[in-house]
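S.K.: Data: data39.pdb, PDB, C-alpha atoms.
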```pdb
ATOM      1  CA  MET A  91     -30.511 115.169-271.678
ATOM      2  CA  VAL A  92     -30.017 118.352-273.700
ATOM      3  CA  GLU A  93     -26.412 119.535-273.689
ATOM      4  CA  PRO A  94     -25.978 123.263-273.155
ATOM      5  CA  LYS A  95     -23.418 125.201-275.144
ATOM      6  CA  ILE A  96     -22.761 127.326-272.070
ATOM      7  CA  SER A  97     -23.915 126.710-268.534
ATOM      8  CA  MET A  98     -23.196 126.946-264.853
ATOM      9  CA  LYS A  99     -23.494 124.005-262.517
ATOM     10  CA  LEU A 100     -24.470 124.309-258.881
ATOM     11  CA  GLU A 101     -23.093 121.568-256.686
ATOM     12  CA  GLY A 102     -20.933 121.056-253.658
ATOM     13  CA  GLU A 103     -22.024 124.115-251.702
ATOM     14  CA  LYS A 104     -22.334 123.535-247.946
ATOM     15  CA  SER A 105     -26.091 124.220-247.901
ATOM     16  CA  LEU A 106     -26.586 121.935-250.890
ATOM     17  CA  ALA A 107     -24.572 119.176-249.202
ATOM     18  CA  GLN A 108     -26.694 119.476-246.047
ATOM     19  CA  LEU A 109     -29.844 119.434-248.120
ATOM     20  CA  GLY A 110     -28.585 116.382-250.002
ATOM     21  CA  LEU A 111     -29.054 114.382-246.816
ATOM     22  CA  PHE A 112     -32.798 114.903-247.220
ATOM     23  CA  LEU A 113     -33.116 114.757-250.972
ATOM     24  CA  ARG A 114     -33.337 111.688-253.127
ATOM     25  CA  LYS A 115     -34.214 111.138-256.753
ATOM     26  CA  GLY A 116     -37.877 111.806-257.430
ATOM     27  CA  SER A 117     -38.483 113.363-254.023
ATOM     28  CA  ILE A 118     -41.098 116.102-253.824
ATOM     29  CA  TYR A 119     -38.513 118.088-251.848
ATOM     30  CA  THR A 120     -35.974 117.857-254.663
ATOM     31  CA  LYS A 121     -38.510 119.228-257.139
ATOM     32  CA  HIS A 122     -39.550 122.113-254.865
ATOM     33  CA  PHE A 123     -35.966 123.006-253.995
ATOM     34  CA  TRP A 124     -34.673 122.994-257.574
ATOM     35  CA  ASN A 125     -37.683 125.055-258.666
ATOM     36  CA  ALA A 126     -36.780 127.625-256.005
ATOM     37  CA  VAL A 127     -33.121 127.625-257.103
ATOM     38  CA  LYS A 128     -34.052 127.988-260.789
ATOM     39  CA  GLY A 129     -36.132 131.041-259.894
ATOM     40  CA  ILE A 130     -33.235 132.540-257.949
ATOM     41  CA  VAL A 131     -30.724 131.907-260.756
ATOM     42  CA  TRP A 132     -33.026 133.276-263.441
ATOM     43  CA  ARG A 133     -33.900 136.412-261.410
ATOM     44  CA  GLN A 134     -30.268 137.118-260.528
ATOM     45  CA  THR A 135     -29.125 136.551-264.134
ATOM     46  CA  GLY A 136     -31.841 138.956-265.300
ATOM     47  CA  ARG A 137     -30.545 141.472-262.756
ATOM     48  CA  LYS A 138     -27.075 141.287-264.342
ATOM     49  CA  PHE A 139     -28.612 142.141-267.721
ATOM     50  CA  ARG A 140     -30.665 145.040-266.290
ATOM     51  CA  GLN A 141     -27.617 146.454-264.478
ATOM     52  CA  GLY A 142     -25.222 145.868-267.378
ATOM     53  CA  GLY A 143     -22.886 143.662-265.349
ATOM     54  CA  GLY A 144     -22.446 141.980-262.015
ATOM     55  CA  GLU A 145     -19.971 141.718-259.146
ATOM     56  CA  GLY A 146     -17.069 141.798-261.593
ATOM     57  CA  GLY A 147     -18.082 145.310-262.674
ATOM     58  CA  LYS A 148     -20.010 146.876-265.500
ATOM     59  CA  TRP A 149     -19.772 145.327-268.942
ATOM     60  CA  GLU A 150     -17.666 147.177-271.459
ATOM     61  CA  PRO A 151     -19.814 149.495-273.629
ATOM     62  CA  LEU A 152     -20.565 148.578-277.215
ATOM     63  CA  SER A 153     -18.147 149.705-279.893
ATOM     64  CA  PRO A 154     -19.327 152.194-282.544
ATOM     65  CA  ALA A 155     -19.154 149.382-285.151
ATOM     66  CA  THR A 156     -21.413 147.169-283.026
ATOM     67  CA  LEU A 157     -23.917 149.985-282.588
ATOM     68  CA  ILE A 158     -24.178 150.270-286.378
ATOM     69  CA  THR A 159     -24.998 146.559-286.705
ATOM     70  CA  ARG A 160     -27.787 146.497-284.088
ATOM     71  CA  ARG A 161     -31.044 145.089-285.443
ATOM     72  CA  HIS A 162     -33.275 147.036-283.086
ATOM     73  CA  GLY A 163     -31.139 150.057-282.267
ATOM     74  CA  GLY A 164     -30.324 151.182-278.756
ATOM     75  CA  SER A 165     -27.087 150.900-276.845
ATOM     76  CA  ALA A 166     -27.991 148.445-274.068
ATOM     77  CA  VAL A 167     -25.191 145.889-273.903
ATOM     78  CA  MET A 168     -26.252 142.337-274.876
ATOM     79  CA  GLN A 169     -29.893 143.335-275.342
ATOM     80  CA  ASP A 170     -30.514 143.783-279.056
ATOM     81  CA  THR A 171     -33.154 141.114-279.786
ATOM     82  CA  GLY A 172     -33.710 139.824-276.237
ATOM     83  CA  ARG A 173     -33.235 136.169-277.280
ATOM     84  CA  LEU A 174     -30.243 135.581-275.002
ATOM     85  CA  LEU A 175     -31.877 137.242-271.995
ATOM     86  CA  ARG A 176     -35.052 135.161-272.451
ATOM     87  CA  SER A 177     -33.014 131.988-272.862
ATOM     88  CA  VAL A 178     -30.888 132.401-269.720
ATOM     89  CA  THR A 179     -33.846 133.476-267.595
ATOM     90  CA  GLY A 180     -36.016 130.463-268.461
ATOM     91  CA  ARG A 181     -38.460 132.319-270.687
ATOM     92  CA  GLY A 182     -37.330 131.502-274.191
ATOM     93  CA  ARG A 183     -36.015 129.090-276.763
ATOM     94  CA  GLY A 184     -32.646 127.589-275.967
ATOM     95  CA  THR A 185     -33.112 127.358-272.184
ATOM     96  CA  VAL A 186     -31.345 124.262-270.843
ATOM     97  CA  VAL A 187     -31.968 122.816-267.382
ATOM     98  CA  ASN A 188     -30.435 119.519-266.251
ATOM     99  CA  GLU A 189     -31.370 118.385-262.750
ATOM    100  CA  THR A 190     -30.104 115.566-260.572
ATOM    101  CA  PRO A 191     -30.730 115.129-256.855
ATOM    102  CA  LYS A 192     -27.346 116.707-256.100
ATOM    103  CA  SER A 193     -26.813 119.218-258.911
ATOM    104  CA  LEU A 194     -28.556 121.684-261.151
ATOM    105  CA  GLU A 195     -27.140 122.856-264.461
ATOM    106  CA  ILE A 196     -28.668 125.918-266.084
ATOM    107  CA  GLY A 197     -27.602 127.322-269.412
ATOM    108  CA  THR A 198     -28.469 127.949-273.023
ATOM    109  CA  ASN A 199     -27.858 126.184-276.310
ATOM    110  CA  LEU A 200     -28.558 129.197-278.536
ATOM    111  CA  GLN A 201     -26.491 129.402-281.689
ATOM    112  CA  SER A 202     -26.212 131.680-284.674
ATOM    113  CA  ASP A 203     -24.738 130.270-287.883
ATOM    114  CA  GLY A 204     -23.345 127.334-285.905
ATOM    115  CA  VAL A 205     -21.567 129.565-283.379
ATOM    116  CA  SER A 206     -22.406 129.448-279.670
ATOM    117  CA  TYR A 207     -22.675 133.221-279.412
ATOM    118  CA  PRO A 208     -23.626 133.189-275.706
ATOM    119  CA  ARG A 209     -20.233 131.594-274.977
ATOM    120  CA  VAL A 210     -18.503 134.275-277.078
ATOM    121  CA  LEU A 211     -20.312 136.992-275.129
ATOM    122  CA  GLN A 212     -19.583 135.309-271.770
ATOM    123  CA  GLU A 213     -15.881 134.633-272.391
ATOM    124  CA  GLY A 214     -14.980 137.153-275.092
ATOM    125  CA  ALA A 215     -13.222 136.381-278.363
ATOM    126  CA  THR A 216     -10.822 137.686-280.961
ATOM    127  CA  ILE A 217     -12.017 137.241-284.540
ATOM    128  CA  THR A 218      -9.823 137.571-287.611
ATOM    129  CA  VAL A 219     -11.587 139.344-290.489
ATOM    130  CA  THR A 220     -11.976 137.114-293.541
ATOM    131  CA  LYS A 221     -12.550 138.217-297.116
ATOM    132  CA  ARG A 222     -16.164 137.056-296.903
ATOM    133  CA  MET A 223     -16.691 138.964-293.637
ATOM    134  CA  LYS A 224     -15.135 142.113-295.126
ATOM    135  CA  TYR A 225     -17.497 142.127-298.107
ATOM    136  CA  TYR A 226     -20.553 141.279-296.035
ATOM    137  CA  MET A 227     -19.894 144.069-293.508
ATOM    138  CA  MET A 228     -19.278 146.542-296.320
ATOM    139  CA  TRP A 229     -22.449 145.480-298.201
ATOM    140  CA  ARG A 230     -24.732 145.176-295.163
ATOM    141  CA  TYR A 231     -23.538 148.004-292.908
ATOM    142  CA  GLY A 232     -21.133 150.151-294.918
ATOM    143  CA  LEU A 233     -18.272 149.169-292.598
ATOM    144  CA  HIS A 234     -14.818 148.921-294.158
ATOM    145  CA  LEU A 235     -12.771 146.180-292.509
ATOM    146  CA  LYS A 236      -9.318 145.020-293.533
ATOM    147  CA  VAL A 237      -8.832 141.313-294.246
ATOM    148  CA  GLY A 238      -6.555 139.855-291.569
ATOM    149  CA  SER A 239      -7.346 142.552-289.005
ATOM    150  CA  THR A 240      -8.850 141.483-285.706
ATOM    151  CA  ILE A 241     -12.081 142.285-283.948
ATOM    152  CA  ARG A 242     -12.034 142.017-280.159
ATOM    153  CA  ILE A 243     -15.225 141.070-278.375
ATOM    154  CA  PRO A 244     -14.694 141.750-274.658
ATOM    155  CA  PRO A 245     -15.909 139.206-272.102
ATOM    156  CA  ARG A 246     -19.237 140.136-270.555
ATOM    157  CA  PRO A 247     -19.892 137.409-267.968
ATOM    158  CA  PHE A 248     -23.536 136.868-267.131
ATOM    159  CA  LEU A 249     -23.838 133.181-266.242
ATOM    160  CA  TYR A 250     -22.040 132.644-262.930
ATOM    161  CA  VAL A 251     -22.836 132.323-259.244
ATOM    162  CA  ASP A 252     -22.139 135.577-257.433
ATOM    163  CA  SER A 253     -22.316 136.216-253.689
ATOM    164  CA  ARG A 254     -25.906 137.466-253.827
ATOM    165  CA  MET A 255     -27.050 134.343-255.677
ATOM    166  CA  LYS A 256     -25.091 132.107-253.313
ATOM    167  CA  ASN A 257     -26.691 133.830-250.321
ATOM    168  CA  ASP A 258     -30.220 133.461-251.754
ATOM    169  CA  ILE A 259     -29.636 129.771-252.572
ATOM    170  CA  GLY A 260     -28.328 129.199-249.038
ATOM    171  CA  LYS A 261     -31.495 130.794-247.634
ATOM    172  CA  ALA A 262     -33.650 128.579-249.877
ATOM    173  CA  ALA A 263     -31.752 125.482-248.686
ATOM    174  CA  LYS A 264     -32.220 126.428-245.027
ATOM    175  CA  THR A 265     -35.914 127.083-245.630
ATOM    176  CA  MET A 266     -36.319 123.685-247.300
ATOM    177  CA  ILE A 267     -34.514 121.935-244.433
ATOM    178  CA  ASN A 268     -36.868 123.643-241.956
ATOM    179  CA  VAL A 269     -39.902 122.639-244.036
ATOM    180  CA  ILE A 270     -38.738 119.012-244.064
ATOM    181  CA  ILE A 271     -38.013 118.988-240.329
ATOM    182  CA  LYS A 272     -41.409 120.550-239.521
ATOM    183  CA  GLY A 273     -43.384 117.960-241.457
ATOM    184  CA  GLY A 274     -42.923 118.505-245.116
ATOM    185  CA  VAL A 275     -44.585 120.151-248.060
ATOM    186  CA  LYS A 276     -48.371 120.166-247.987
TER     187      LYS A 276
END
```
For the file at hand, write its structure as structure tokens.
M.R.:
Amino acid sequence: MVEPKISMKLEGEKSLAQLGLFLRKGSIYTKHFWNAVKGIVWRQTGRKFRQGGGEGGKWEPLSPATLITRRHGGSAVMQDTGRLLRSVTGRGRGTVVNETPKSLEIGTNLQSDGVSYPRVLQEGATITVTKRMKYYMMWRYGLHLKVGSTIRIPPRPFLYVDSRMKNDIGKAAKTMINVIIKGGVK
């Protein structure tokens, strides 16, 4: 099993518990249901990126220093190269999916220079400027940073279950229960 560096785990919801009565390891129903849930999670996560935030509000805009360091220009928050978006929507390298009959874990194991940058973006961070960082930022971008000063990266949560996702998953669970009761998947 691949271990994600950041993930969300779906388990214990009422609809999932009801569905668990019907599901067992290797069941065709388990596979169909988790495929439906993966699609819901990936679509809703993509929506958060397109809207620049979720139920918790809009993500904080990029700082002027961050805009200078963008590889591909533009000011869309968390959408410079598209690697993270592809990874957390099941379309790129780093996508992690761990399924059991009673839980689904979706996340990413993307890293940059050994740092789980998706976790930093999700949770935020405060970074102390080192001498090496100061010289690199000055050489690469013309930014003058003071050694020992701090850089604040605000949290921009994107990987969580919001009410819309919960509602859609509940509908998928009810649909699957009805399919099972009416004779199964053809």
S.K.: Using the chain letters and numbering of this document, enumerate as a list in words the residues selected by the PyMOL selection byres ((chain A and resi 248) around 8).
M.R.: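 On this input, the PyMOL selection byres ((chain A and resi 248) around 8) captures Thr135, Lys138, Phe139, Gly143, Gly144, Gln212, Arg246, Pro247, Leu249 and Tyr250 of chain A.
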S.K.: Hey, what comes out of the PyMOL selection byres ((chain A and resi 235) around 6) on this file? Could you write it as JSON, numbers by chain?
M.R.: {"A": [224, 234, 236]}
S.K.: Excluding same-chain residues fewer than 2 positions from Val237 of chain A, what lies within 10 Å of it counting all atoms listed in the file, as an mmCIF file with C-alpha atoms, in the frame of the given file?
M.R.:
```cif
data_model
loop_
_atom_site.group_PDB
_atom_site.id
_atom_site.type_symbol
_atom_site.label_atom_id
_atom_site.label_comp_id
_atom_site.auth_asym_id
_atom_site.auth_seq_id
_atom_site.Cartn_x
_atom_site.Cartn_y
_atom_site.Cartn_z
ATOM 1 C CA THR A 218 -9.823 137.571 -287.611
ATOM 2 C CA VAL A 219 -11.587 139.344 -290.489
ATOM 3 C CA THR A 220 -11.976 137.114 -293.541
ATOM 4 C CA LYS A 221 -12.550 138.217 -297.116
ATOM 5 C CA ARG A 222 -16.164 137.056 -296.903
ATOM 6 C CA MET A 223 -16.691 138.964 -293.637
ATOM 7 C CA LYS A 224 -15.135 142.113 -295.126
ATOM 8 C CA TYR A 225 -17.497 142.127 -298.107
ATOM 9 C CA HIS A 234 -14.818 148.921 -294.158
ATOM 10 C CA LEU A 235 -12.771 146.180 -292.509
ATOM 11 C CA SER A 239 -7.346 142.552 -289.005
ATOM 12 C CA THR A 240 -8.850 141.483 -285.706
#
```
S.K.: On this file, the PyMOL selection byres ((chain A and resi 211) around 10) gives some set of residues; write that set as JSON, numbers by chain.
M.R.: {"A": [168, 206, 207, 208, 209, 210, 212, 213, 214, 215, 243, 244, 245, 246, 247, 248]}
S.K.: Separation of atom CA of Ala263 of chain A and atom CA of Gly142 of chain A, in Å?
M.R.: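 These atoms are spaced 28.4 Å apart.
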S.K.: Give the answer as one residue: which of A:Gly163, A:Gly180, A:Asp252, A:Asn199 has the shortest atom-to-atom distance to Gly147 of chain A, using all atoms listed in the file?
M.R.: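 Residue with the minimum atom-to-atom distance to Gly147 of chain A: A:Asp252.
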S.K.: Which neighbours of segment 150-159 of chain A fall inside 8 Å, counting all atoms listed in the file, when residues of the same chain fewer than 5 positions from it are skipped, and could you give them as a PDB file with C-alpha atoms, in the frame of the given file?
M.R.:
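Result file part_1.pdb:
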```
ATOM      1  CA  GLY A 164     -30.324 151.182-278.756  1.00  0.00           C
ATOM      2  CA  SER A 165     -27.087 150.900-276.845  1.00  0.00           C
ATOM      3  CA  VAL A 167     -25.191 145.889-273.903  1.00  0.00           C
ATOM      4  CA  TYR A 231     -23.538 148.004-292.908  1.00  0.00           C
ATOM      5  CA  LEU A 233     -18.272 149.169-292.598  1.00  0.00           C
ATOM      6  CA  PRO A 244     -14.694 141.750-274.658  1.00  0.00           C
ATOM      7  CA  ARG A 246     -19.237 140.136-270.555  1.00  0.00           C
TER       8      ARG A 246
END
```
S.K.: Quick one, how far is atom CA of Val205 of chain A from atom CA of Val131 of chain A?
M.R.: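 Value for the atom CA of Val205 of chain A-atom CA of Val131 of chain A distance: 24.5 Å.
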S.K.: So that I can check the surroundings of Lys128 of chain A, please list as a ChimeraX atom specification every protein, DNA and RNA residue that reaches within 9 Å of it, counting all atoms listed in the file and ignoring chain neighbours fewer than 2 positions away.
M.R.: /A:123-126,130-133,179-180,187,194,196
S.K.: Go ahead and save the picked residues with C-alpha atoms, as a compact mmCIF listing (two decimals), in the frame of the given file.
M.R.:
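Produced file again25.txt, reproduced below:
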```txt
# COMPACT_ATOMS: atom_id res chain seq x y z
CA PHE A 123 -35.97 123.01 -254.00
CA TRP A 124 -34.67 122.99 -257.57
CA ASN A 125 -37.68 125.06 -258.67
CA ALA A 126 -36.78 127.62 -256.00
CA ILE A 130 -33.24 132.54 -257.95
CA VAL A 131 -30.72 131.91 -260.76
CA TRP A 132 -33.03 133.28 -263.44
CA ARG A 133 -33.90 136.41 -261.41
CA THR A 179 -33.85 133.48 -267.60
CA GLY A 180 -36.02 130.46 -268.46
CA VAL A 187 -31.97 122.82 -267.38
CA LEU A 194 -28.56 121.68 -261.15
CA ILE A 196 -28.67 125.92 -266.08
```
S.K.: If I take atom CA of Lys264 of chain A and atom CA of Thr198 of chain A, how far is one from the other in Å, to one decimal?
M.R.: 28.3 Å
